[in-house]
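Have a look at the structure below, then the notes.
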Amino acid sequence: MSTAWTIPTGTHAAVLGLGVDRGKRVVPNSELVAAIDSSDEWIQQRSGIRERRWVGPDEDLVTMSLAASQAALAASSVEAAQIDAVIVATCTWTMQTPSLAAKLAYLLGTQAPAAFDISAACAGFCHAVGIANDMVRSGTARYVLVVGAELLSEMTSRTDRGTAFIFGDGAGAVVIGPSDVPGIGPVVWGSDGEQFDAIRQSVDWRDVLAEEEPTMPYIAMDGATVFRWAAYQMAKVAQETLDRTGIRVEEIDLFVPHQANMRIIDAMARAMKLPEHVRIARDIADQGNTSAASIPLALARMYADGEAKSGDLALLIAFGAGLSYAAQVVRVP
Ligand code: COA
């Protein structure tokens, strides 16, 4: 008789460790304003960004992802060989195939794990955490490495007034594994394809090839549309996430939203009526918007500043191109 097919019951999953890597080049607003006829004051007032991190000469998506992943493994006391799956959320890996995850899994010295990238832009990290949580809880994997990594400086037009000052480079990684108690709540996620064009790659690759002098496509955005959608719809998604998790807003310690724009973060916090004690991530001020990497980078900053401590309950919410979103509550490692 064949072995019975058993699905483990009662297995919980948790975030076991976090690691990050920021682009090393500090780029102040003053370096960008001339090309977009702007000012440091305008950028700070509209976005809350003072400076952003871009890659230095020896850095790229692979080096940042590798450094963040190695730090996450060390923080979780999990060996690379124990990793069953690597999931990378990114929109700036310029190879259509194979995935950055497969390369990263090899460079880390893992033992042939499942490895794949997901495309959910700025919402990618929370999508990947949701998938990893389900994988661990269902017994598909024991340890999953989740990475959010972006090299947006390469895909940002220096002369686009609506985006040139927004984006930054970096990577953040977490290891998700089994736990005696629930460490990750249910994911609330969705998309609004009617707004497919609100944030997009400026040109389809086929049309790039048709150009006389092909240039790298860049991120194009209808800023006002995105602003309205994020500021008004995402607070409702955040509340739904708390409801699905079965906790009240008073019970969370940290609010770690995607670092899109300081004004969006403030609008969400107001709409959610966050209590005074909830610490709010504001990493965007000197990191810029790093899309799929922004939530782990922002959480790491909160540890560094003494605002986050092990065991805190954090509400994560990510949103962006699609337009897509994903959110969950996690207990931070
Ligand atoms: N510097 C100076 N002035 C600028 C400018 C710039 N970079 N870009 C636009 N302006 C001017 C416009 O010409 C306009 O001037 P006018 O009132 O004299 O006509 C004015 O500022 C307002 O332009 P608008 O395009 O409506 O700006 P905005 O208030 O919507 O701010 C963003 C632009 C990009 C900061 C804002 O739309 C935004 O943050 N959107 C969300 C972006 C985001 O979070 N994206 C990531 C999602 S994952």
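Going by the structure tokens order, chains are called A, B, ..., each with residues numbered from 1, while ligands are numbered from 1 in the order shown.
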
Residues within 10 Å of A:Ala123, only C-alpha atoms, excluding chain neighbours under 2 positions, as a PyMOL selection string: chain A and resi 89-90+119-121+125-128+148+189-191+258+291-295+317-327

Give me the chain A side of the contact with ligand 1, cut-off 7 Å, one line per residue showing its nearest atom pair and distance in Å at one decimal, counting only C-alpha atoms and all ligand atoms, sorted by chain and residue number, as CSV.
residue,atom,partner,partner_atom_place_in_ligand_line,distance
A:Ile36,CA,ligand 1,7 (N),5.8
A:Asp37,CA,ligand 1,1 (N),6.0
A:Ser38,CA,ligand 1,1 (N),3.7
A:Ser39,CA,ligand 1,1 (N),6.3
A:Trp42,CA,ligand 1,2 (C),5.8
A:Ile43,CA,ligand 1,1 (N),6.5
A:Arg46,CA,ligand 1,35 (C),4.8
A:Ser47,CA,ligand 1,35 (C),5.3
A:Cys122,CA,ligand 1,48 (S),5.6
A:Arg161,CA,ligand 1,7 (N),4.0
A:Gly162,CA,ligand 1,34 (C),4.6
A:Thr163,CA,ligand 1,34 (C),6.2
A:Gly223,CA,ligand 1,37 (O),3.5
A:Ala224,CA,ligand 1,37 (O),4.0
A:Val226,CA,ligand 1,41 (C),5.1
A:Phe227,CA,ligand 1,41 (C),4.1
A:Ala260,CA,ligand 1,44 (O),4.1
A:Asn261,CA,ligand 1,44 (O),4.7
A:Ile264,CA,ligand 1,44 (O),6.9
A:Ser291,CA,ligand 1,48 (S),6.4
A:Phe319,CA,ligand 1,48 (S),6.0
A:Gly320,CA,ligand 1,48 (S),4.0
A:Ala321,CA,ligand 1,48 (S),6.5

Contact residues around A:Trp54 with only C-alpha atoms at 12 Å, ignoring same-chain residues under 5 positions, as a PyMOL selection string: chain A and resi 21-28+59-61+64+150-156+165-171+286-290

Generate the output file for the selected residues, N, CA and C atoms, as an mmCIF file, in the first residue's frame.
data_model
loop_
_atom_site.group_PDB
_atom_site.id
_atom_site.type_symbol
_atom_site.label_atom_id
_atom_site.label_comp_id
_atom_site.auth_asym_id
_atom_site.auth_seq_id
_atom_site.Cartn_x
_atom_site.Cartn_y
_atom_site.Cartn_z
ATOM 1 N N ASP A 21 19.600 45.545 2.514
ATOM 2 C CA ASP A 21 20.774 46.203 1.932
ATOM 3 C C ASP A 21 20.288 47.423 1.155
ATOM 4 N N ARG A 22 20.842 48.578 1.460
ATOM 5 C CA ARG A 22 20.432 49.816 0.780
ATOM 6 C C ARG A 22 21.491 50.209 -0.247
ATOM 7 N N GLY A 23 21.049 50.775 -1.356
ATOM 8 C CA GLY A 23 22.014 51.331 -2.299
ATOM 9 C C GLY A 23 22.927 52.299 -1.549
ATOM 10 N N LYS A 24 24.229 52.289 -1.880
ATOM 11 C CA LYS A 24 25.178 53.038 -1.039
ATOM 12 C C LYS A 24 25.279 54.518 -1.404
ATOM 13 N N ARG A 25 24.810 54.881 -2.604
ATOM 14 C CA ARG A 25 24.980 56.285 -3.025
ATOM 15 C C ARG A 25 23.805 57.122 -2.502
ATOM 16 N N VAL A 26 24.142 58.151 -1.740
ATOM 17 C CA VAL A 26 23.111 59.056 -1.211
ATOM 18 C C VAL A 26 22.889 60.167 -2.241
ATOM 19 N N VAL A 27 21.627 60.288 -2.688
ATOM 20 C CA VAL A 27 21.331 61.271 -3.738
ATOM 21 C C VAL A 27 20.351 62.308 -3.175
ATOM 22 N N PRO A 28 20.846 63.515 -2.865
ATOM 23 C CA PRO A 28 19.954 64.541 -2.316
ATOM 24 C C PRO A 28 19.074 65.150 -3.407
ATOM 25 N N GLU A 59 27.466 47.966 -7.256
ATOM 26 C CA GLU A 59 26.237 47.339 -6.761
ATOM 27 C C GLU A 59 25.225 47.148 -7.885
ATOM 28 N N ASP A 60 24.399 46.136 -7.725
ATOM 29 C CA ASP A 60 23.265 45.938 -8.637
ATOM 30 C C ASP A 60 22.196 45.125 -7.916
ATOM 31 N N LEU A 61 21.191 44.691 -8.661
ATOM 32 C CA LEU A 61 20.079 43.961 -8.050
ATOM 33 C C LEU A 61 20.557 42.665 -7.378
ATOM 34 N N MET A 64 22.628 43.431 -4.046
ATOM 35 C CA MET A 64 21.747 43.879 -2.944
ATOM 36 C C MET A 64 20.886 42.726 -2.428
ATOM 37 N N GLU A 150 14.766 45.959 -5.626
ATOM 38 C CA GLU A 150 14.527 46.859 -6.771
ATOM 39 C C GLU A 150 15.747 47.729 -7.071
ATOM 40 N N LEU A 151 15.959 47.915 -8.372
ATOM 41 C CA LEU A 151 16.984 48.845 -8.850
ATOM 42 C C LEU A 151 16.243 49.877 -9.704
ATOM 43 N N LEU A 152 15.540 50.758 -9.031
ATOM 44 C CA LEU A 152 14.639 51.674 -9.749
ATOM 45 C C LEU A 152 15.368 52.862 -10.374
ATOM 46 N N SER A 153 16.580 53.150 -9.886
ATOM 47 C CA SER A 153 17.295 54.295 -10.467
ATOM 48 C C SER A 153 17.547 54.060 -11.956
ATOM 49 N N GLU A 154 17.660 52.784 -12.327
ATOM 50 C CA GLU A 154 17.932 52.446 -13.727
ATOM 51 C C GLU A 154 16.674 52.575 -14.589
ATOM 52 N N MET A 155 15.505 52.524 -13.945
ATOM 53 C CA MET A 155 14.244 52.588 -14.697
ATOM 54 C C MET A 155 13.451 53.845 -14.379
ATOM 55 N N THR A 156 14.183 54.902 -13.994
ATOM 56 C CA THR A 156 13.532 56.178 -13.706
ATOM 57 C C THR A 156 14.062 57.218 -14.680
ATOM 58 N N PHE A 165 12.094 62.100 -8.838
ATOM 59 C CA PHE A 165 12.543 62.291 -7.447
ATOM 60 C C PHE A 165 12.037 61.197 -6.502
ATOM 61 N N ILE A 166 11.198 60.290 -7.001
ATOM 62 C CA ILE A 166 10.482 59.385 -6.089
ATOM 63 C C ILE A 166 11.270 58.121 -5.725
ATOM 64 N N PHE A 167 11.919 57.515 -6.722
ATOM 65 C CA PHE A 167 12.354 56.125 -6.505
ATOM 66 C C PHE A 167 13.776 55.954 -5.972
ATOM 67 N N GLY A 168 13.991 54.808 -5.299
ATOM 68 C CA GLY A 168 15.300 54.472 -4.740
ATOM 69 C C GLY A 168 15.625 53.005 -4.979
ATOM 70 N N ASP A 169 16.842 52.607 -4.564
ATOM 71 C CA ASP A 169 17.328 51.234 -4.779
ATOM 72 C C ASP A 169 17.573 50.541 -3.441
ATOM 73 N N GLY A 170 17.234 49.260 -3.377
ATOM 74 C CA GLY A 170 17.518 48.499 -2.155
ATOM 75 C C GLY A 170 16.902 47.125 -2.214
ATOM 76 N N ALA A 171 17.182 46.342 -1.170
ATOM 77 C CA ALA A 171 16.613 44.990 -1.076
ATOM 78 C C ALA A 171 16.353 44.662 0.385
ATOM 79 N N ASP A 286 14.558 59.383 3.615
ATOM 80 C CA ASP A 286 15.938 59.369 3.094
ATOM 81 C C ASP A 286 16.289 58.072 2.349
ATOM 82 N N GLN A 287 15.266 57.331 1.944
ATOM 83 C CA GLN A 287 15.502 56.123 1.131
ATOM 84 C C GLN A 287 14.804 56.216 -0.217
ATOM 85 N N GLY A 288 13.740 57.019 -0.292
ATOM 86 C CA GLY A 288 12.924 57.045 -1.509
ATOM 87 C C GLY A 288 11.995 55.845 -1.527
ATOM 88 N N ASN A 289 11.208 55.755 -2.578
ATOM 89 C CA ASN A 289 10.258 54.650 -2.756
ATOM 90 C C ASN A 289 10.987 53.506 -3.463
ATOM 91 N N THR A 290 11.138 52.391 -2.770
ATOM 92 C CA THR A 290 11.874 51.248 -3.349
ATOM 93 C C THR A 290 10.937 50.111 -3.723
#

Every residue of stretch 128-254 of chain A that DSSP places in helix (DSSP H, G or I), as a ChimeraX atom specification: /A:128-138,152-155,193-195,205-210,223-245,249-251

Near A:Leu18, within 6 Å and counting only C-alpha atoms, which residues show up once chain neighbours fewer than 6 positions away are dropped, as a CSV table (one decimal) with N, CA, C and O atoms, in the first residue's frame?
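The resulting file, part.csv, is shown below:
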chain,number,residue,atom,x,y,z
A,72,ALA,N,19.4,38.1,6.4
A,72,ALA,CA,18.1,37.5,6.9
A,72,ALA,C,18.4,36.0,7.4
A,72,ALA,O,17.8,35.6,8.4
A,173,ALA,N,14.9,41.2,2.9
A,173,ALA,CA,14.6,39.8,2.8
A,173,ALA,C,14.1,39.3,4.2
A,173,ALA,O,14.6,39.8,5.2
A,174,VAL,N,13.3,38.3,4.2
A,174,VAL,CA,12.9,37.6,5.5
A,174,VAL,C,12.9,36.1,5.2
A,174,VAL,O,12.7,35.7,4.1
